[in-house]
Amino acid sequence: MSEETSLTADKNPPEPSAIPDALPALYIHIPFCIRKCVYCGFYSITDRSQIPDYLAALRREMELYREWAPSFDTLYIGGGTPSVLPATELERLIADIRGVFPIASDAEITVETNPADIDAGLLNAMCRAGVNRLNIGVQSFDDRILAFLGRRHDRRQAVAAVTAARIAGMENIGIDLIYGVPTQTMSAWFATLREAIALDPDHLSCYQLTLEDGTLLDEQFRRGEVVFPDDALQADFFSATSEFLENHGYTHYEVSNYSRSGRESRHNRKYWDHIPYLGLGPTAHSFQGRERRWNCRAVGLYINDLASGRAPIEAVETLSNEQLSLEDLFLGFRTRRGICLETFKIRYGRDLLMEKRDVLMKLSREGLVEIRDGFLRPTRTGMAVADSLALI
Amino acid sequence: MDHIRNFSIIAHIDHGKSTLADRLIQFTGIVNDRDFQNQILDNMDIERERGITIKSQVVSLPYRAKDGRRYTLNLIDTPGHVDFTYEVSRSLASCEGVLLLIDAAQGVQAQTLANLYLAMEHDLAIIPVINKIDLPSADVERVIEQIDSELGLDPDTHLKCSAKEGIGIEQILEAIVERIPPPIGDPEAPLAALIFDAKYDTFRGTVIHCRIFDGAVKAGDIIRFVYNHSTYRVEEVGHFLLQRQKRDKLSAGDVGYIIAGVKTVSDVRTGDTITLESRPCAKPLPGFKEVKPVVFASIYPIAADDYTDLADSLDKFKLNDASFVYEKDSSAALGQGFRCGFLGLLHLDIVQERLEREYDLSIILSVPSVRYRFTLKDGTVLFVDNPTRYPDPISILKSEEPYIRATMMLPERYLGAVMKLCMEKRGVNSALNYPSPGRAELLYDMPLAEVIFDFYDRFKSVTQGYGSFDYDLIDYRESNLALLDILVNGEKVDALSQIVHRERARARGLQACERLKEEIPRQMFKIAIQGAIGGEIISRTTISPFRKDVIAKCYGGDISRKRKLLEKQRKGKRRMKMIGDVSIPQSAFLAVLKSDTE
């Protein structure tokens, strides 16, 4: 590398999103739950007798994509509830994944878990398999809220799970929490937040409870049995959470995600940066170049398709530049880092600063965005209205 | 001429006019059942959807009566709204009789009466027909009693039918033959034909719909429009079945069409008389009126790039709507557009909807206005129908606004509410008559500006649909006027300005702010809306920003779904007009005029 190029590179360090050869991500969906939570719209079933057939099908699907990428540097096993798999099955699955796909030695390997499933056996199996990031679906430390949400664990189990993971030597622990639950007060939410940081997790996801079609919560809402906070109260929850966690050393790096320095989810980042990803299992999405495709929803269909040698693909879309740029905008405005103006210009030939000058000035005066170091980034207030920012 | 009958069907809205027309058409067999569709005469989607007739239609029904003779029954379908009263009157002038349709369950209603009076004015034979006799709630005896007491017609002359079930259709056709007189006229006299409508045909140019009163016309004749002083050579004449049907000639008594190389419908005026250049009639047929637009508004494309498309579409639209006029206009807030004139608010509404639907345009209409008259100190007289042309207040010597004479028919029990409404609308010089017991005729002079906007809706609402309303323009009267401006985030939006009566200015300013607050969706930042006269702010309101709209989760499986939602939202946003940094929806411009509906 010549002196000059290295200087240029130092002055303008390329952002991950601008790196054309960033390694892709691998996602594996485990669509089983012991029971459905009232709010959850992700695809899962409670009939666990199908697990063996499902895992066999999943292995077939893996084979179809053996050559998909030369290497992956993140693996994320999500669901559903991956921790409902027997520990030995989970360990074997990860070993098989490594057998089919070249997983980089320093890869981030995450498994989503339910606190009720976490015990020494599962933790040890995961450690042996090389899982280095544990995401624990705590949701709340308030037993009343946990009961409302239909979770199968309580506060005590949540605390025990996090502690056990630490003891087992899990280096990177993330906790999922939910706020804006009907009847939840700000002080009740803060009690949960305080308990969470007392456990010193590396990563926190704080999701505002959202109505998903076809959930039990949605039915309750339609019947008028539950009332959700209005947008002003939601915004208050959002900014108070952000302020509190930032004061306690967590960076608010995405709408719903907070982390200690260097502990951002490498895997999720790839979704937001249009880095290629391969998703396996029902409903899983894959992306490469400008093509996104996703698998069918039903486990039965998925198993049948693979049994007859077909890829269980439900649909494929090819994104136009306009669609890709809209995605870059709304995904970028969801992250603290924002949108790299230079990258955007190179990709789409559009100079956002020139094109949207007046409205950006206005948004900047109103404290919703800031333009700094070549990035157009949302402020905390701006992040809360990221969807509208994307439509400027 | 003995074998011709020219008739129309008149009725209160929803009493089954289109359904009866459908049945008459089916009975006479000019369309087979396979090709038949409901509301066959309402060609436009917008007519079918709203259940209203906008353009008149003619169909000639061949009918062999019980007397063994063949007749041609010309059904002239008329529009049914006060905006189009003149068109209706020309259609009725082309008939010798009407079927007055009354719903057996609802009985005599406001428009039954208004239409009856219109028919009587033209001296037409009236056949009362009680429709919907199959309904469980039908009360035929009561309706017969009303025909006598409220309509003053011979109750024994009524017919009963159910258009929906096809009951009583033949009796109606027989009655048309027996009771509606055949047209009278002299086929040998000089040609006198009444134009009651005109339509544009892409291949043939303007198709003139007319009723021949005297004389005859055939291809090759040179015809003259009496009021327009223009002459044309006839290319083709004919009758209407469901399509045009070429004939050798049209003669006295006939209803049909003339194609004569007339380029646009604007070259033809409804109510004009057609005669022969070589042998003109002594005097034109009576009843001609110059139809002038009374409501004005500017149309702007939402996207400036669409200006040329809009210009082309207006050009094409105008081909088929002579009462629609437009010229170039521009607005500081909305850019290049067109100033347009309409017959009334319904007409405006229809034009807007058809431009969007048939020409796929996204447009914004400015706040509608009437045409005011200003006399300046230097003696100039100015007509102003566009608030942006409001003269410098210092230079104005006298301001005047158009007045109408409103005629309202209503059951006595609604008098109090209607008089209150008229007073609120600055009505003066009232008069009250009782044409029959319990039924009042109320007259008022009112400023047109007060009437055209939401008077009709509110009148219908306070009379629960039992009132009928009509108006004539009378004159200009002196009025204390002011220009009300609207500022959005401090920026004047000229397309939202309106000329108002000074005493009402404050109330109108408040009302405009409130309406805008309802119509403009919350945005990312605060929006201030102010009403101002001259430099003085007279009303204000703010729309607080929304503070959270972002979805919580956006991972691999959520991105496409979210993008599709945003694409949809963006499409919706493109239908709004950006003024400064505020998106204003189309609906806001019309809503400014709406008053509180209590």
# chains A, B, ... in the order shown; residues from 1 in each chain; ligands from 1
>>> interface_residues(of="chain B", to="chain A", cutoff="6 Å", atoms="only C-alpha atoms", output="MDAnalysis selection string")
chainID B and resid 547:550 552 556:557
>>> select_by_dssp(residues="segment 203-380 of chain A", states="strand (DSSP E)", output="VMD selection string")
chain A and resid 203 to 208 251 to 254 257 to 259 277 to 280 285 to 288 291 to 295 313 to 318 339 to 340 369 to 372 375 to 378
>>> residues_around(residues="segment 240-253 of chain A", least_positions_apart="3", cutoff="9 Å", atoms="only C-alpha atoms", output="ChimeraX atom specification")
/A:186,189-190,193,197,202-204,206,235-237,256-261,264,334-337,380
>>> select_by_dssp(residues="segment 50-274 of chain A", states="alpha helix (DSSP H)", output="count of residues only")
103
>>> atom_distance(atom1="atom CA of Met354 of chain A", atom2="atom CA of Tyr300 of chain B")
26.1 Å
>>> residues_around(residues="Lys571 of chain B", least_positions_apart="5", cutoff="12 Å", atoms="only C-alpha atoms", output="PDB file with C-alpha atoms, in the first residue's frame")
ATOM      1  CA  LEU A 391     -39.814  10.551   4.165  1.00  0.00           C
TER       2      LEU A 391
ATOM      3  CA  ILE B 302     -49.370  18.865  -6.646  1.00  0.00           C
ATOM      4  CA  SER B 362     -53.065  14.842  -8.317  1.00  0.00           C
ATOM      5  CA  LYS B 564     -43.588  -1.061   1.859  1.00  0.00           C
ATOM      6  CA  LEU B 565     -45.400   0.881   4.569  1.00  0.00           C
ATOM      7  CA  LEU B 566     -43.163   3.878   4.007  1.00  0.00           C
ATOM      8  CA  MET B 576     -50.258  16.686  -0.292  1.00  0.00           C
TER       9      MET B 576
END
>>> atom_distance(atom1="atom CA of Val325 of chain B", atom2="atom CA of Phe296 of chain B")
9.3 Å
>>> residues_around(residues="segment 131-135 of chain A", least_positions_apart="4", cutoff="9 Å", atoms="only C-alpha atoms", output="PyMOL selection string")
chain A and resi 94+107-114+125-127+165+170-176+203
>>> write_last_selection(atoms="N, CA and C atoms", output="CSV table (one decimal), in the first residue's frame")
chain,number,residue,atom,x,y,z
A,94,ILE,N,-25.3,-26.4,16.2
A,94,ILE,CA,-24.2,-25.4,16.0
A,94,ILE,C,-23.0,-26.1,15.3
A,107,ALA,N,-15.9,-15.0,14.9
A,107,ALA,CA,-17.3,-14.7,14.7
A,107,ALA,C,-18.1,-14.4,16.0
A,108,GLU,N,-19.1,-13.5,15.8
A,108,GLU,CA,-20.0,-13.3,16.9
A,108,GLU,C,-21.1,-14.3,16.8
A,109,ILE,N,-21.3,-15.1,17.9
A,109,ILE,CA,-22.3,-16.2,17.8
A,109,ILE,C,-23.3,-16.0,18.9
A,110,THR,N,-24.5,-15.6,18.5
A,110,THR,CA,-25.6,-15.3,19.5
A,110,THR,C,-26.7,-16.3,19.5
A,111,VAL,N,-27.2,-16.6,20.7
A,111,VAL,CA,-28.4,-17.4,20.9
A,111,VAL,C,-29.4,-16.7,21.7
A,112,GLU,N,-30.7,-16.7,21.2
A,112,GLU,CA,-31.7,-16.1,22.0
A,112,GLU,C,-32.3,-17.1,23.0
A,113,THR,N,-32.5,-16.6,24.2
A,113,THR,CA,-33.0,-17.6,25.2
A,113,THR,C,-34.1,-17.0,26.1
A,114,ASN,N,-34.8,-18.0,26.7
A,114,ASN,CA,-35.8,-17.6,27.7
A,114,ASN,C,-35.2,-17.9,29.0
A,125,ALA,N,-23.3,-26.3,27.4
A,125,ALA,CA,-23.4,-26.8,26.0
A,125,ALA,C,-23.1,-25.7,25.0
A,126,MET,N,-23.7,-24.5,25.3
A,126,MET,CA,-23.5,-23.3,24.4
A,126,MET,C,-22.0,-22.9,24.4
A,127,CYS,N,-21.4,-22.9,25.6
A,127,CYS,CA,-20.0,-22.5,25.7
A,127,CYS,C,-19.2,-23.4,24.8
A,165,ALA,N,-25.4,-17.2,33.7
A,165,ALA,CA,-24.7,-17.0,32.5
A,165,ALA,C,-23.3,-16.4,32.7
A,170,MET,N,-20.1,-16.7,30.1
A,170,MET,CA,-20.6,-16.1,28.9
A,170,MET,C,-20.0,-14.6,28.8
A,171,GLU,N,-19.3,-14.3,27.8
A,171,GLU,CA,-18.6,-13.0,27.8
A,171,GLU,C,-19.4,-11.8,27.5
A,172,ASN,N,-20.5,-12.0,26.7
A,172,ASN,CA,-21.3,-10.9,26.2
A,172,ASN,C,-22.8,-11.2,26.4
A,173,ILE,N,-23.4,-10.5,27.4
A,173,ILE,CA,-24.7,-10.8,27.7
A,173,ILE,C,-25.6,-9.7,27.4
A,174,GLY,N,-26.7,-10.0,26.7
A,174,GLY,CA,-27.7,-8.9,26.4
A,174,GLY,C,-29.0,-9.3,27.0
A,175,ILE,N,-29.8,-8.2,27.4
A,175,ILE,CA,-31.1,-8.4,28.0
A,175,ILE,C,-32.1,-7.7,27.2
A,176,ASP,N,-33.3,-8.4,26.9
A,176,ASP,CA,-34.4,-7.7,26.2
A,176,ASP,C,-35.4,-7.2,27.2
A,203,HIS,N,-25.3,-5.5,26.9
A,203,HIS,CA,-26.2,-5.0,25.9
A,203,HIS,C,-27.6,-5.0,26.4
>>> atom_distance(atom1="atom CA of Ala507 of chain B", atom2="atom CA of Gln530 of chain B")
12.8 Å
>>> residues_around(residues="segment 82-96 of chain B", least_positions_apart="5", cutoff="9 Å", atoms="only C-alpha atoms", output="JSON, numbers by chain")
{"B": [5, 6, 7, 8, 54, 55, 56, 74, 75, 76, 77, 118, 119, 122, 123, 124, 125, 180, 181, 182, 183, 194, 195, 196, 197, 210, 211, 212, 213, 255, 270, 271, 287, 288, 289, 291, 343, 344, 345, 346, 347, 469, 470, 471]}
